Amino acid sequence: YDARMEGMKFGKVLRPPTLGATLKNVEVSAAEKSPGVLQIVRDGDFVGVIAETQEAANAAINLIAATWNERSPLLQQSDIDSMLTPGGFEGETIAEAGNADSAMRAAATAIEADYASPLAAHAALEPQGALASVRQENREWIAEVWTATQSPTTSLAEIASAIGLKAEQVILHNNFLGGGFGRKIVLESSSEAARLSKASGLPVRVNWDRGEEFQHGFMRPPTRHKLRAGLDVNGNVVAWTHEQSSGLVLFASFPKPLQWLIGVDFGAIRGAIPDYTFPNHRTTAWYRDIGARTGPWRGLGLLPNGFAVESFVDELAQAAGADPLEFRLRHLGDDSIGARLKRVLQTVADLAGWSAPLPARDGWLVGRGLACGEDVRTVVAQVAEVAVNPQTGEVKVERVYCALDCGLIINPDGVEAQIEGNVIWGVSSALIEEATIVDGKVRATNFGDYPILTIRQAPEVVIQLIENKEEGPYGMGEPPIGPVAAAIGNAIFNATGKRLRRLPMTPERVLEAS
């Protein structure tokens with residue numbers, strides 16, 4: 001957004017009015033006459049304006065008269081919801097041991113529950129932008145692009161492809177990111193600026209605004225989960241099945257043949273397989289192209305899948321009449337991951353004073369919730385402390401305790417920063433964030449339609465890092481987001497006796513829950 005160079009002009013690109021719409025006809029005469037407009041560029045479905053100022057480019061794009069081939073009927077949120085019901089021949093069994101169906105039939109007690117999570121936006125601090133100068137030097141084309149990307153090699157290849165150059169003809173200057181969280185792996189603005197620059201011979205900067213990011217960026221896909229488990233007479237899990245359905249994550253950027261060849265969208269299933277030593281278990285996944293743009297979002301499937309799995313584990317502990325901490329400890333193995341999970345669970349329980357009652361709050365119900373998980377061999381356990389207003393349904397996450405073992409710790413300050421960022425992001429997603437599709441488009445155009453957690457709402461984050469110099473170092477960018485939503489949901493249940501199985505856990509849903 002801040003890039004400048006001599007002679008720089010401003011670009012704006014025509015966007016479709018609804019998801020999946022393709023350009024039918026376009027009339028640009030009014031836009032060409034608009035003050036400050038230098039050129040209108042059309043290349044197939046690509047239509048862009050080049051102008052002296054950003055304001056002139058914005059005004060001109062709104063003067064283009066376009067007709068579109070749109071989906072009929074227009075996509076609605078209810079359409080997406082109906083697509084996501086787990087089931088069908090195309091499901092992939094991603095983990096299995098024993099005979100879960102037989103063990104379920106023989107179980108003393110059977111429990112089942114459905115969980116769900118919505119579309120979610122990235123809402124990065126800075127919408128994407130790029131400045132491109134595509135020119136000929138010594139009769140050779142060269143493209144120089146300034147942008148902020150999470151994946152410079154991917155962006156460089158996309159720019160080269162968009163303007164018909166080889167990768168070695170593109171120079172990419174990668175600036176500070178302004179927030180990414182998966183959204184800035186793909187940067188449309190870089191290719192758009194390059195196309196406008198090559199067509200005009202001028203350096204052109206393309207800035208996406210907040211509305212474009214909400215309306216035309218990709219989002220975290222929605223998920224649905226059907227979980228069943230069987231307990232024996234001693235309250236031990238003897239059977240577990242998890243049927244998970246998700247919009248596309250990594251598959252969103254793969255062609256269909258490659259999807260079929262790979263078979264498993266590893267982004268969508270991240271965190272879906274339980275870490276416990278259930279003797280008979282099966283996890284099956286379905287991947288749905290829901291008609292809206294989806295892709296990587298911080299942690300990929302970790303938060304939605306962790307919410308379903310770890311909330312359901314709490315339901316099983318309640319059915320078994322067991323303490324949630326003790327229930328988890330007895331169902332973890334003695335291998336490296338199991339032993340390390342036991343350690344972080346016990347550590348976070350001690351840190352949070354798990355066995356001591358919380359002080360009463362006048363007019364509010366208070367509770368603690370526990371959740372844990374493993375990702376990229378980093379293990380983490382969290383306890384959330386919440387206060388719930390029984391009259392309004394408002395939930396305050398007052399404190400989140402986190403114990404984490406990422407193996408050898410190289411930079412403790414960096415590890416703590418990642419934990420804090422993931423926890424705050426996870427609280428926002430758990431309590432507030434939800435994108436919906438109405439009449440073929442994302443309803444949100446700005447933060448008034450898509451609020452995020454404020455500083456006033458942010459919890460205290462208390463961290464205990466566990467030294468483990470014998471292993472690692474392991475990943476730290478995303479593992480701490482996995483347990484957040486489940487810990488909050490479990491805390492709400494502890495406070496109110498109400499089990500919330502759908503994100504976000506809004507005041508309305510708290511009041512409606514039973």
# chains A, B, ... in the order shown; residues from 1 in each chain; ligands from 1
>>> residues_around(residues="range 267-282 of chain A", least_positions_apart="2", cutoff="7 Å", atoms="only C-alpha atoms", output="list in words")
Ala95, Glu96, Ala97, Gly98, Asn99, Ala100, Ala103, Val237, Val238, Ala239, Trp240, Thr241, His242, Ser246, Leu248, Val249, Leu250, Asp265, Thr284, Leu300, Gly301, Leu302, Asn305, Gly306, Val309, His331, Leu332, Gly333 and Gly373 of chain A
>>> select_by_dssp(residues="range 32-116 of chain A", states="alpha helix (DSSP H)", output="count of residues only")
23
>>> residues_around(residues="Ala292 in chain A", least_positions_apart="3", cutoff="8 Å", atoms="only C-alpha atoms", output="list in words")
Leu19, Gly20, Phe218 and Asp289 of chain A
>>> residues_around(residues="Asn207 in chain A", least_positions_apart="3", cutoff="8 Å", atoms="only C-alpha atoms", output="PyMOL selection string")
chain A and resi 1+11-12+127-130+189
>>> residues_around(residues="range 438-452 of chain A", least_positions_apart="3", cutoff="10 Å", atoms="only C-alpha atoms", output="count of residues only")
41
>>> atom_distance(atom1="CA of Val206 in chain A", atom2="CA of Ala193 in chain A")
5.4 Å
>>> residues_around(residues="Glu460 in chain A", least_positions_apart="6", cutoff="12 Å", atoms="only C-alpha atoms", output="PyMOL selection string")
chain A and resi 383-386+396-402+419-421+423-424+427
>>> residues_around(residues="Leu408 in chain A", least_positions_apart="3", cutoff="8 Å", atoms="only C-alpha atoms", output="list in words")
Glu467, Asn468, Lys469, Glu470, Glu471, Gly472, Pro473 and Tyr474 of chain A
>>> closest_residue(among="A:Tyr287, A:Trp68, A:Trp364, A:Phe254", to="Gly88 in chain A", atoms="only C-alpha atoms")
A:Tyr287
>>> select_by_dssp(residues="range 262-302 of chain A", states="strand (DSSP E)", output="list in words")
His281, Arg282, Thr283, Thr284, Ala285, Trp286, Tyr287 and Arg288 of chain A
>>> atom_distance(atom1="CA of Ile488 in chain A", atom2="CA of Leu503 in chain A")
10.9 Å
>>> closest_atom_pairs(of="range 151-253 of chain A", to="range 27-45 of chain A", cutoff="8 Å", atoms="only C-alpha atoms", output="tab-separated table")
residue	atom	partner	partner_atom	distance
A:Leu196	CA	A:Val41	CA	6.8
A:Ala199	CA	A:Val41	CA	7.0
A:Ser200	CA	A:Gln39	CA	7.4
>>> write_last_selection(atoms="C-alpha atoms", output="PDB file, in the first residue's frame")
ATOM      1  CA  LEU A 196      -2.347  -3.103 -16.175  1.00  0.00           C
ATOM      2  CA  ALA A 199      -0.915  -2.956 -21.142  1.00  0.00           C
ATOM      3  CA  SER A 200      -0.162   0.723 -20.513  1.00  0.00           C
TER       4      SER A 200
END
>>> atom_distance(atom1="CA of Arg343 in chain A", atom2="CA of Gly477 in chain A")
21.0 Å
